[in-house]
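Asks: First, the structure itself, so that you have it in front of you.
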Amino acid sequence: MGAPLHVGIVLATVAGAIYAFAREKLPPDVTALLVLLVLVISGVLTPAEGFAGFSHPATISVAAVLVLSASLERSGVFNVIARRLLSHLGNSEVLFGVVLMLTVGVLSAFINNTAAVAIFLPIVLQTCRRTGARPGRLLIPMSFAAMFGGLSTLIGTSTNIVVHEYARSEGLRGFSMFEFARIGLPLFALGFVYLLVVGRWLLPRGEPVDSPEDRFGLSQYTVDLFVHAGSSWVGRQADPARLRRDHDVDLVGVRRGGATLRRDPPWPKLMAGDRLRVHGPVQDVMTLASREGLRLAHPENGHNAEAQAETLVSGNGGTRETQVLAEVVLLPASPAVGHTLETARFRGVYAATILGMRRGGHQPPGIPAREILHAGDALLLQIAESELEALSVDPGVLVMSATPTPETRPGRLALSLLTLAGVVLTAATGLLPIVTAASAGCLLLMVTGTLRPREAYESINWQVVFMLAGVLALGNAMEKTGIAATLATWITGLSHDLGPTLAISVMYLITAVLTQFMTNNAAAALLVPVALDSAELLEVNPAPFLIAVTVAASTAFGTPVGYQTNLMVYGPGGYRFSDFVRVGLPLSVLFWVFVTFAIPRLWPLTG
């Protein structure tokens, strides 16, 4: 073990990092950078050691693969394929689920699995509206299938690349392009059968997207309507029965001067400046506002409602511009995460106004303007048509409502496919390391104009880059202070009687538990040094231990926060936290039992 002071600092930092990743009070990348700075300032790591993660091959490889995936995503071809494929399935929910899981799973093996879900999610919801299928029956299986597929190739998920490059940095050979398929394909089959035979009975029943409560394709929200001085509602008594009968919306309450006036009968006569808080399908709310001379009062700015309303009508600079409604899901990369509706600055960045929000299928209690936004929240925006395209390519949000499909350019598509095939081929044959092949592929796309440099930079999830740099530094500190070796000694001590297979099983279990509450890359980066030390102590092939960490880190089935694809479907599927526990926990146990016996047979311990 290292100096006691440094050991204590690292242990405290690890505990703090796990807590911060789980609680999400700060974005993961900010947590990782804080970890890095604590380790450098305290002297545990030198500045060169601490900031080495930014130039680590794992970080560069992940960024390059994100760019390669973006070139295919921006071509629009997968949108076209998805629409055509899902439009011919009829009304069978089971057939819909089978085709969706197979398609997303295969696609996730070759482009980043987060990108695969981003392509299919809006199209799945549109298909559900047309067929009456229930999103809650389909979106968790789609997210899980993306994880299954990502386990099958080196480039399927960033976790595979992180472990591969870490192993190479330690002088090991790493993994070949399709080596993960040895375990990934059997797990895909096992998970596929589980979701069809068992999981479908555990999924929430939910309601079809086009049910009477949600028939217009946008979910229900609670919205404030501003009674302006010229409105016919001035002097009229609020009448919930009339609102329900004529507009199919519910009156929640009346607010005056920032305070709640009434939440139940008898309802007062309205005055200019009052707000009617109503709840219902957003299209019905919009119809009510337009017919009755009311104006939207938006939760991110609770005081100057009259000015808001005028801005909404005129658009930017007083020029009347077509406004559209868009429902978006916040991703961890969004700068709005951690802010309130009031400070999220959607209006300043996108000329967009937040009308409402949902979390896990329902709206959180309390005053909307004071709600802290979380990754996975769904926001209803009113946005200028001209700003919608910029919003749709932002890496921090996923637009759920109907948006124009990106233009499909055959020239771009052909070269993008050829470039990806070239990267896969050169890496698979060992001609070039994955970091070199992927970087060369990115450069080729930019030189040929297939992907503009600005588009390439925008497609990199910088949150992942900064987070990787931080957690790699923490892994380095654990190794440098001897903490990793101590953990390895404890794990290998369990194997004296039952052999290395038990040590592999324990390594998988620890990683699987951690990844439910922190990002997959962070879990892998923390435990790879422990895996390598465990293999060294047992004098066995390190590959089985590394595979156990890799697979476990990418199987965060039990919570919506452990994997980005789960967060993406959390709100649109109307799920609760318990839905992931109910469906995902048995699958996690099933995978754990399977890999415990499969990994030592697929990667011999003496190899």
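Chains: A, B, ... in order of the structure tokens. Residues: from 1 per chain. Ligands: from 1, in order shown.
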Output as CSV one row per residue of range 489-597 of chain A within 12 Å of range 459-469 of chain A: the closest atom pair and its distance in Å to one decimal place, counting only C-alpha atoms, sorted by chain and residue number ascending.
Replies:
residue,atom,partner,partner_atom,distance
A:Met518,CA,A:Met467,CA,11.3
A:Thr519,CA,A:Met467,CA,9.3
A:Asn520,CA,A:Leu468,CA,10.4
A:Asn521,CA,A:Leu468,CA,6.9
A:Ala522,CA,A:Leu468,CA,7.0
A:Ala523,CA,A:Leu468,CA,10.5
A:Ala524,CA,A:Leu468,CA,10.2
A:Ala525,CA,A:Leu468,CA,7.9
A:Leu526,CA,A:Leu468,CA,10.5
A:Gln564,CA,A:Val464,CA,11.1
Asks: Keeping C-alpha atoms for every residue in the selection just given, could you write it to a file as a short mmCIF file (atom, residue, chain, number, x, y, z; two decimals), in the first residue's frame?
Replies:
data_model
loop_
_atom_site.label_atom_id
_atom_site.label_comp_id
_atom_site.auth_asym_id
_atom_site.auth_seq_id
_atom_site.Cartn_x
_atom_site.Cartn_y
_atom_site.Cartn_z
CA MET A 518 -22.96 5.11 -12.12
CA THR A 519 -22.02 5.28 -15.77
CA ASN A 520 -20.80 2.11 -17.46
CA ASN A 521 -17.47 3.67 -18.41
CA ALA A 522 -16.83 4.82 -14.85
CA ALA A 523 -17.56 1.36 -13.43
CA ALA A 524 -15.25 -0.28 -15.96
CA ALA A 525 -12.41 2.19 -15.47
CA LEU A 526 -12.54 1.75 -11.69
CA GLN A 564 -27.89 6.20 -21.31
#
Asks: To one decimal place in Å, what is the distance between CA of Phe178 in chain A and CA of Thr550 in chain A?
Replies: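 We find that CA of Phe178 in chain A and CA of Thr550 in chain A lie 14.1 Å from each other.
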Asks: So which one's closest to Gly174 in chain A, A:Ser578, A:Thr606, A:Thr492, A:Asn541? Using only C-alpha atoms, please.
Replies: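 Nearest to Gly174 in chain A: A:Asn541.
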Asks: Taking into account only C-alpha atoms, which residue in the set A:Val40, A:Ile354, A:Ala488, A:Pro600 is nearest to Ala52 in chain A?
Replies: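 Selected residue with least distance to Ala52 in chain A: A:Val40.
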Asks: List the spatial neighbours of Ser505 in chain A as a PyMOL selection string - criterion: any atom at most 12 Å away, only C-alpha atoms, same-chain residues fewer than 4 positions off excluded.
Replies: chain A and resi 491-492+494-495+498-501+509-512+531+544-549+551-552+589+591-600
Asks: Env of Gly493 in chain A: 10 Å cut, atoms = only C-alpha atoms, seq-sep filter 4 positions within chain, self excluded. Answer as a PyMOL selection string.
Replies: chain A and resi 487-489+497+499-500+502-503+534+537-538
Asks: Name all residues at most 12 Å from Gly150 in chain A (count only C-alpha atoms; drop same-chain ones fewer than 5 positions away) and give them as a PyMOL selection string.
Replies: chain A and resi 104-117+143-145+155-161+177-178+180-181+183-185+187-188+550-551+553-555+565
Asks: Would you pick out the contacts of Arg277 in chain A at 8 Å or less, using only C-alpha atoms, so that residues sharing its chain but fewer than 6 positions from it are not included, and give the list as a list in words?
Replies: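 Listing them by chain and then by number gives Thr222, Val223, Asp224, Leu225, Leu251, Val252, Gly253, Val254 and Arg255 of chain A.
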Asks: Nearest to Leu431 in chain A among A:Ser176, A:Val561, A:Leu443, A:Leu413, with distances taken over only C-alpha atoms: which residue is it?
Replies: A:Ser176
Asks: Which one of A:Ala241, A:Val393, A:Ile483, A:Leu514 sits closest to Ala12 in chain A if you count only C-alpha atoms?
Replies: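 Looking at the shortest contact to Ala12 in chain A, the residue is A:Ile483.
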Asks: Which is closer to Met478 in chain A than all the others in A:Leu203, A:Val530, A:Val249, A:Val423, using only C-alpha atoms?
Replies: A:Val530
Asks: Which residue is closest to Val234 in chain A? Choose from A:Gly356, A:Arg576, A:Asp250, A:Leu294 and count only C-alpha atoms.
Replies: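 Selected residue with least distance to Val234 in chain A: A:Leu294.
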Asks: Show me, as JSON, numbers by chain, the residues that have an atom within 12 Å of Leu415 in chain A when counting only C-alpha atoms, minus same-chain residues fewer than 4 positions from it.
Replies: {"A": [68, 71, 72, 75, 409, 410, 411, 419, 420, 421, 422, 441, 442, 444, 445, 446, 447, 448, 449, 450, 451]}
Asks: I need the chosen residues saved as an mmCIF file, in the first residue's frame, with N, CA and C atoms.
Replies:
data_model
loop_
_atom_site.group_PDB
_atom_site.id
_atom_site.type_symbol
_atom_site.label_atom_id
_atom_site.label_comp_id
_atom_site.auth_asym_id
_atom_site.auth_seq_id
_atom_site.Cartn_x
_atom_site.Cartn_y
_atom_site.Cartn_z
ATOM 1 N N LEU A 68 -17.727 8.443 -36.317
ATOM 2 C CA LEU A 68 -18.090 7.483 -37.358
ATOM 3 C C LEU A 68 -19.583 7.166 -37.306
ATOM 4 N N SER A 71 -21.689 10.049 -38.781
ATOM 5 C CA SER A 71 -21.728 10.179 -40.239
ATOM 6 C C SER A 71 -22.831 9.327 -40.839
ATOM 7 N N LEU A 72 -23.041 8.137 -40.280
ATOM 8 C CA LEU A 72 -24.131 7.277 -40.759
ATOM 9 C C LEU A 72 -25.483 7.799 -40.287
ATOM 10 N N SER A 75 -26.707 10.700 -42.354
ATOM 11 C CA SER A 75 -27.083 10.389 -43.731
ATOM 12 C C SER A 75 -28.588 10.166 -43.860
ATOM 13 N N ARG A 409 -28.310 11.650 -48.476
ATOM 14 C CA ARG A 409 -27.444 11.937 -49.610
ATOM 15 C C ARG A 409 -26.682 10.669 -49.947
ATOM 16 N N PRO A 410 -26.976 10.040 -51.096
ATOM 17 C CA PRO A 410 -26.342 8.760 -51.429
ATOM 18 C C PRO A 410 -24.833 8.811 -51.386
ATOM 19 N N GLY A 411 -24.235 9.915 -51.839
ATOM 20 C CA GLY A 411 -22.775 10.006 -51.828
ATOM 21 C C GLY A 411 -22.221 9.949 -50.429
ATOM 22 N N THR A 419 -16.199 3.767 -45.221
ATOM 23 C CA THR A 419 -15.235 4.152 -44.184
ATOM 24 C C THR A 419 -15.392 3.285 -42.946
ATOM 25 N N LEU A 420 -16.640 3.079 -42.508
ATOM 26 C CA LEU A 420 -16.865 2.224 -41.341
ATOM 27 C C LEU A 420 -16.390 0.805 -41.622
ATOM 28 N N ALA A 421 -16.678 0.289 -42.816
ATOM 29 C CA ALA A 421 -16.225 -1.059 -43.172
ATOM 30 C C ALA A 421 -14.705 -1.133 -43.166
ATOM 31 N N GLY A 422 -14.055 -0.082 -43.655
ATOM 32 C CA GLY A 422 -12.594 -0.061 -43.652
ATOM 33 C C GLY A 422 -12.023 -0.064 -42.252
ATOM 34 N N GLY A 441 -10.307 7.043 -40.119
ATOM 35 C CA GLY A 441 -11.635 7.079 -40.726
ATOM 36 C C GLY A 441 -12.295 8.435 -40.553
ATOM 37 N N CYS A 442 -12.165 9.028 -39.375
ATOM 38 C CA CYS A 442 -12.731 10.355 -39.129
ATOM 39 C C CYS A 442 -12.093 11.396 -40.038
ATOM 40 N N LEU A 444 -10.701 10.911 -42.942
ATOM 41 C CA LEU A 444 -11.156 10.681 -44.314
ATOM 42 C C LEU A 444 -12.535 11.287 -44.544
ATOM 43 N N LEU A 445 -13.438 11.124 -43.585
ATOM 44 C CA LEU A 445 -14.782 11.690 -43.724
ATOM 45 C C LEU A 445 -14.740 13.205 -43.829
ATOM 46 N N MET A 446 -13.851 13.832 -43.071
ATOM 47 C CA MET A 446 -13.772 15.291 -43.109
ATOM 48 C C MET A 446 -13.058 15.790 -44.360
ATOM 49 N N VAL A 447 -12.006 15.105 -44.782
ATOM 50 C CA VAL A 447 -11.268 15.519 -45.973
ATOM 51 C C VAL A 447 -12.136 15.430 -47.218
ATOM 52 N N THR A 448 -12.961 14.395 -47.296
ATOM 53 C CA THR A 448 -13.820 14.194 -48.474
ATOM 54 C C THR A 448 -15.106 15.022 -48.407
ATOM 55 N N GLY A 449 -15.334 15.727 -47.306
ATOM 56 C CA GLY A 449 -16.545 16.528 -47.178
ATOM 57 C C GLY A 449 -17.776 15.722 -46.805
ATOM 58 N N THR A 450 -17.602 14.427 -46.535
ATOM 59 C CA THR A 450 -18.738 13.598 -46.121
ATOM 60 C C THR A 450 -19.291 14.087 -44.792
ATOM 61 N N LEU A 451 -18.419 14.536 -43.933
ATOM 62 C CA LEU A 451 -18.805 15.106 -42.648
ATOM 63 C C LEU A 451 -18.009 16.387 -42.463
#
